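All remarks here apply to the structure that follows.
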Amino acid sequence: MSSTLKTELNTMDEKGGMTMPVTLPVLMKTMNVSNGPDLQVFYPRVVKMQNRALEHLINTSIVAKTQELINLQVNQSPSTVVEMLGTYEVKNNQRDVLSLAFSNYTYYYQAAHGMTYIKSLTFDLKQGKLLQLKDLFKSDSDYINRISSLIKVQIAERDIPLLEEFTTIQPNQDFYIADKTLVIYFQLYELTPYVFGFPMFPLSVYDLQDIIIEDGPLGRLSQNN
């Protein structure tokens, strides 16, 4: 039995042959915690997975990441929190790859503007694990320099204003996966001025084809079947 919520639809094609198994998306419902209309945080909960241990891993990781963002906001300023809104987006939910992005916007009393942080979680449902960036690439690949070089090209092409010269990503750099794209991103003030917003660098899986793990998340998403 598969470790994910999937159904193999052995339907017949027009020539009477068997089609490929179809992996159904993971089912989720939206939860929220609130303390009045101006303090609300929404987050997903995965439900009805056949692998209950994997479901537990995903949901505990989601709760921990959501709480991490709340703590980051509350602890970074001594001022009173006036407004907090936490939301999430499903970036990928296909081919046994689940990638989620979480944002938390908080406004403090008499602050010039609010502050937003984004964090993400990506799971390989086939292997049943939470992924780090390094898990997407072959062990002997220099993925850090490859990705950094591609980002430098985008910085130049997009004429992105920098607070200081960009040199390299970190081994644990923030990322999420969206279809056939690996998105590397940075926090506000980390790379660019606040007015620029979040610096995000979409990288096609085909530009990384030679260093990704073929049967890993990016390898599966790069397939055209």
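Letters A, B, ... mark the chains of the structure tokens in the order given; residue numbers begin at 1 per chain; ligand numbers begin at 1, in order shown.
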Alpha helix (DSSP H) call set, DSSP backbone run, region 78-183 of chain A, as JSON, numbers by chain
{"A": [143, 144, 145, 146, 147, 148, 149, 150, 151, 152, 153, 154, 155, 156, 157]}
Running DSSP on the backbone, which parts of region 55-130 of chain A land in strand (DSSP E or B), as a PyMOL selection string?
chain A and resi 81-94+97-108+115-124+129-130
Suppose we keep N, CA and C atoms; can you now write the selection as a CSV table (one decimal), in the first residue's frame?
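Generated output (again-v4.csv):
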chain,number,residue,atom,x,y,z
A,81,VAL,N,1.4,44.3,19.9
A,81,VAL,CA,0.8,43.8,18.6
A,81,VAL,C,-0.6,44.4,18.4
A,82,VAL,N,-0.8,45.1,17.3
A,82,VAL,CA,-2.1,45.6,17.0
A,82,VAL,C,-2.9,44.7,16.1
A,83,GLU,N,-2.2,44.2,15.1
A,83,GLU,CA,-2.8,43.3,14.1
A,83,GLU,C,-1.8,42.2,13.7
A,84,MET,N,-2.4,41.0,13.6
A,84,MET,CA,-1.6,39.9,13.1
A,84,MET,C,-2.5,39.0,12.1
A,85,LEU,N,-1.9,38.7,11.0
A,85,LEU,CA,-2.7,37.9,10.0
A,85,LEU,C,-1.7,36.9,9.5
A,86,GLY,N,-2.0,35.6,9.8
A,86,GLY,CA,-1.2,34.5,9.2
A,86,GLY,C,-2.0,33.7,8.2
A,87,THR,N,-1.3,33.5,7.0
A,87,THR,CA,-2.0,32.8,5.9
A,87,THR,C,-1.1,31.7,5.4
A,88,TYR,N,-1.6,30.9,4.5
A,88,TYR,CA,-0.7,29.9,3.8
A,88,TYR,C,-1.2,29.7,2.4
A,89,GLU,N,-0.3,29.2,1.6
A,89,GLU,CA,-0.5,28.8,0.2
A,89,GLU,C,0.0,27.4,-0.1
A,90,VAL,N,-0.8,26.7,-0.9
A,90,VAL,CA,-0.3,25.4,-1.3
A,90,VAL,C,0.4,25.6,-2.7
A,91,LYS,N,1.7,25.4,-2.6
A,91,LYS,CA,2.5,25.7,-3.8
A,91,LYS,C,2.6,24.5,-4.8
A,92,ASN,N,2.6,23.3,-4.2
A,92,ASN,CA,2.6,22.1,-5.0
A,92,ASN,C,1.9,21.0,-4.2
A,93,ASN,N,1.1,20.2,-4.9
A,93,ASN,CA,0.4,19.1,-4.3
A,93,ASN,C,0.1,18.0,-5.4
A,94,GLN,N,1.2,17.5,-6.0
A,94,GLN,CA,1.1,16.6,-7.1
A,94,GLN,C,2.4,15.7,-7.1
A,97,VAL,N,4.7,15.2,-4.0
A,97,VAL,CA,5.4,16.4,-3.5
A,97,VAL,C,4.4,17.4,-2.9
A,98,LEU,N,4.5,17.6,-1.7
A,98,LEU,CA,3.7,18.7,-1.0
A,98,LEU,C,4.5,19.8,-0.6
A,99,SER,N,4.3,21.0,-1.1
A,99,SER,CA,5.1,22.2,-0.7
A,99,SER,C,4.1,23.3,-0.3
A,100,LEU,N,4.4,23.8,0.9
A,100,LEU,CA,3.5,24.8,1.5
A,100,LEU,C,4.3,26.1,1.9
A,101,ALA,N,3.7,27.2,1.7
A,101,ALA,CA,4.3,28.5,2.1
A,101,ALA,C,3.4,29.2,3.1
A,102,PHE,N,4.1,29.7,4.2
A,102,PHE,CA,3.3,30.3,5.3
A,102,PHE,C,3.8,31.8,5.4
A,103,SER,N,2.9,32.7,5.6
A,103,SER,CA,3.2,34.1,5.8
A,103,SER,C,2.6,34.6,7.0
A,104,ASN,N,3.3,35.5,7.7
A,104,ASN,CA,2.7,36.2,8.9
A,104,ASN,C,3.0,37.7,8.8
A,105,TYR,N,1.9,38.4,8.7
A,105,TYR,CA,2.0,39.9,8.7
A,105,TYR,C,1.6,40.4,10.1
A,106,THR,N,2.4,41.3,10.7
A,106,THR,CA,2.1,41.8,12.0
A,106,THR,C,2.4,43.3,12.0
A,107,TYR,N,1.5,44.1,12.6
A,107,TYR,CA,1.6,45.5,12.8
A,107,TYR,C,1.7,45.8,14.3
A,108,TYR,N,2.7,46.6,14.6
A,108,TYR,CA,2.9,47.0,16.0
A,108,TYR,C,2.4,48.4,16.3
A,115,MET,N,5.3,44.2,9.5
A,115,MET,CA,6.4,43.4,9.1
A,115,MET,C,5.9,42.0,8.8
A,116,THR,N,6.4,41.4,7.7
A,116,THR,CA,6.0,40.1,7.2
A,116,THR,C,7.1,39.2,7.1
A,117,TYR,N,6.9,38.0,7.5
A,117,TYR,CA,7.9,36.9,7.3
A,117,TYR,C,7.2,35.8,6.5
A,118,ILE,N,8.0,35.1,5.7
A,118,ILE,CA,7.5,33.9,4.9
A,118,ILE,C,8.4,32.7,5.2
A,119,LYS,N,7.8,31.6,5.5
A,119,LYS,CA,8.6,30.4,5.7
A,119,LYS,C,7.8,29.3,4.9
A,120,SER,N,8.5,28.1,4.7
A,120,SER,CA,7.9,27.1,3.9
A,120,SER,C,8.3,25.7,4.4
A,121,LEU,N,7.5,24.7,3.9
A,121,LEU,CA,7.7,23.3,4.2
A,121,LEU,C,7.5,22.5,2.9
A,122,THR,N,8.4,21.6,2.7
A,122,THR,CA,8.3,20.8,1.5
A,122,THR,C,8.5,19.3,1.9
A,123,PHE,N,7.6,18.4,1.5
A,123,PHE,CA,7.6,17.0,1.9
A,123,PHE,C,7.7,16.1,0.7
A,124,ASP,N,8.5,15.1,0.8
A,124,ASP,CA,8.5,14.0,-0.2
A,124,ASP,C,7.6,12.9,0.3
A,129,LYS,N,9.2,12.1,4.2
A,129,LYS,CA,10.1,12.9,4.9
A,129,LYS,C,10.0,14.4,4.6
A,130,LEU,N,10.3,15.2,5.6
A,130,LEU,CA,10.4,16.6,5.4
A,130,LEU,C,11.8,17.0,4.7
Arg158 (chain A) surroundings by only C-alpha atoms, 12 Å radius, close-in-sequence under 4 positions cut, as a VMD selection string
chain A and resid 151 to 154 162 199 to 201
Output the selection as a JSON list (two decimals), in the first residue's frame - C-alpha atoms for each residue.
[["chain", "number", "residue", "atom", "x", "y", "z"],
["A", 151, "ILE", "CA", 20.51, 33.82, -8.92],
["A", 152, "LYS", "CA", 23.33, 36.20, -9.85],
["A", 153, "VAL", "CA", 22.19, 36.03, -13.47],
["A", 154, "GLN", "CA", 18.61, 36.88, -12.46],
["A", 162, "LEU", "CA", 20.70, 45.04, -3.39],
["A", 199, "PRO", "CA", 13.26, 38.61, -3.38],
["A", 200, "MET", "CA", 12.15, 35.41, -5.09],
["A", 201, "PHE", "CA", 14.14, 33.52, -7.70]]
Selection near region 132-141 of chain A, 8 Å with only C-alpha atoms, sequence-local residues under 3 positions removed, as a short mmCIF file (atom, residue, chain, number, x, y, z; two decimals) with N, CA and C atoms, in the first residue's frame:
data_model
loop_
_atom_site.label_atom_id
_atom_site.label_comp_id
_atom_site.auth_asym_id
_atom_site.auth_seq_id
_atom_site.Cartn_x
_atom_site.Cartn_y
_atom_site.Cartn_z
N THR A 122 8.42 21.61 2.66
CA THR A 122 8.27 20.75 1.49
C THR A 122 8.49 19.30 1.90
N PRO A 171 23.33 26.90 2.89
CA PRO A 171 22.95 25.49 2.73
C PRO A 171 21.50 25.22 3.12
N ASN A 172 20.99 25.98 4.10
CA ASN A 172 19.61 25.80 4.55
C ASN A 172 18.70 26.93 4.03
N GLN A 173 19.00 27.43 2.85
CA GLN A 173 18.25 28.55 2.27
C GLN A 173 16.75 28.24 2.16
N ASP A 174 15.93 29.25 2.39
CA ASP A 174 14.48 29.09 2.25
C ASP A 174 14.12 28.75 0.80
N PHE A 175 13.19 27.83 0.62
CA PHE A 175 12.75 27.44 -0.72
C PHE A 175 11.37 26.81 -0.65
N ILE A 211 21.94 17.81 -11.88
CA ILE A 211 22.35 17.64 -10.49
C ILE A 211 21.20 17.22 -9.57
N ILE A 212 19.97 17.19 -10.07
CA ILE A 212 18.86 16.77 -9.22
C ILE A 212 18.83 15.24 -9.14
N ILE A 213 18.26 14.73 -8.06
CA ILE A 213 18.08 13.29 -7.90
C ILE A 213 16.95 12.85 -8.83
N GLY A 216 13.89 11.68 -7.25
CA GLY A 216 13.51 12.55 -6.15
C GLY A 216 12.40 13.50 -6.56
N PRO A 217 12.02 14.43 -5.69
CA PRO A 217 10.91 15.34 -5.98
C PRO A 217 11.06 16.13 -7.28
N LEU A 218 12.21 16.77 -7.49
CA LEU A 218 12.38 17.56 -8.71
C LEU A 218 12.45 16.66 -9.94
#
Using only C-alpha atoms, pick whichever of A:Ala112, A:Val183, A:Leu221, A:Ile160 has the shortest atom-to-atom distance to Gln209 (chain A).
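Closest residue, counting only C-alpha atoms: A:Leu221.
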Nearest to Asp159 (chain A), chosen from A:Gln127, A:Thr181, A:Thr192, A:Asn59, with only C-alpha atoms counted in the distances:
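Using only C-alpha atoms, the shortest distance to Asp159 (chain A) belongs to A:Thr192.
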Test item: residues at most 8 Å from Ser204 (chain A), only C-alpha atoms, excluding those fewer than 4 positions along its chain, as a PyMOL selection string
chain A and resi 180-182+208
For those residues, write N, CA and C atoms to a file as a compact mmCIF listing (two decimals), in the first residue's frame.
# COMPACT_ATOMS: atom_id res chain seq x y z
N LYS A 180 7.07 22.74 -11.90
CA LYS A 180 8.40 22.38 -12.39
C LYS A 180 9.43 23.45 -12.04
N THR A 181 9.22 24.11 -10.93
CA THR A 181 10.08 25.23 -10.54
C THR A 181 10.51 25.13 -9.08
N LEU A 182 11.79 25.34 -8.85
CA LEU A 182 12.32 25.49 -7.50
C LEU A 182 12.43 26.98 -7.23
N LEU A 208 18.50 22.65 -13.75
CA LEU A 208 19.20 21.91 -12.69
C LEU A 208 19.21 20.41 -12.96
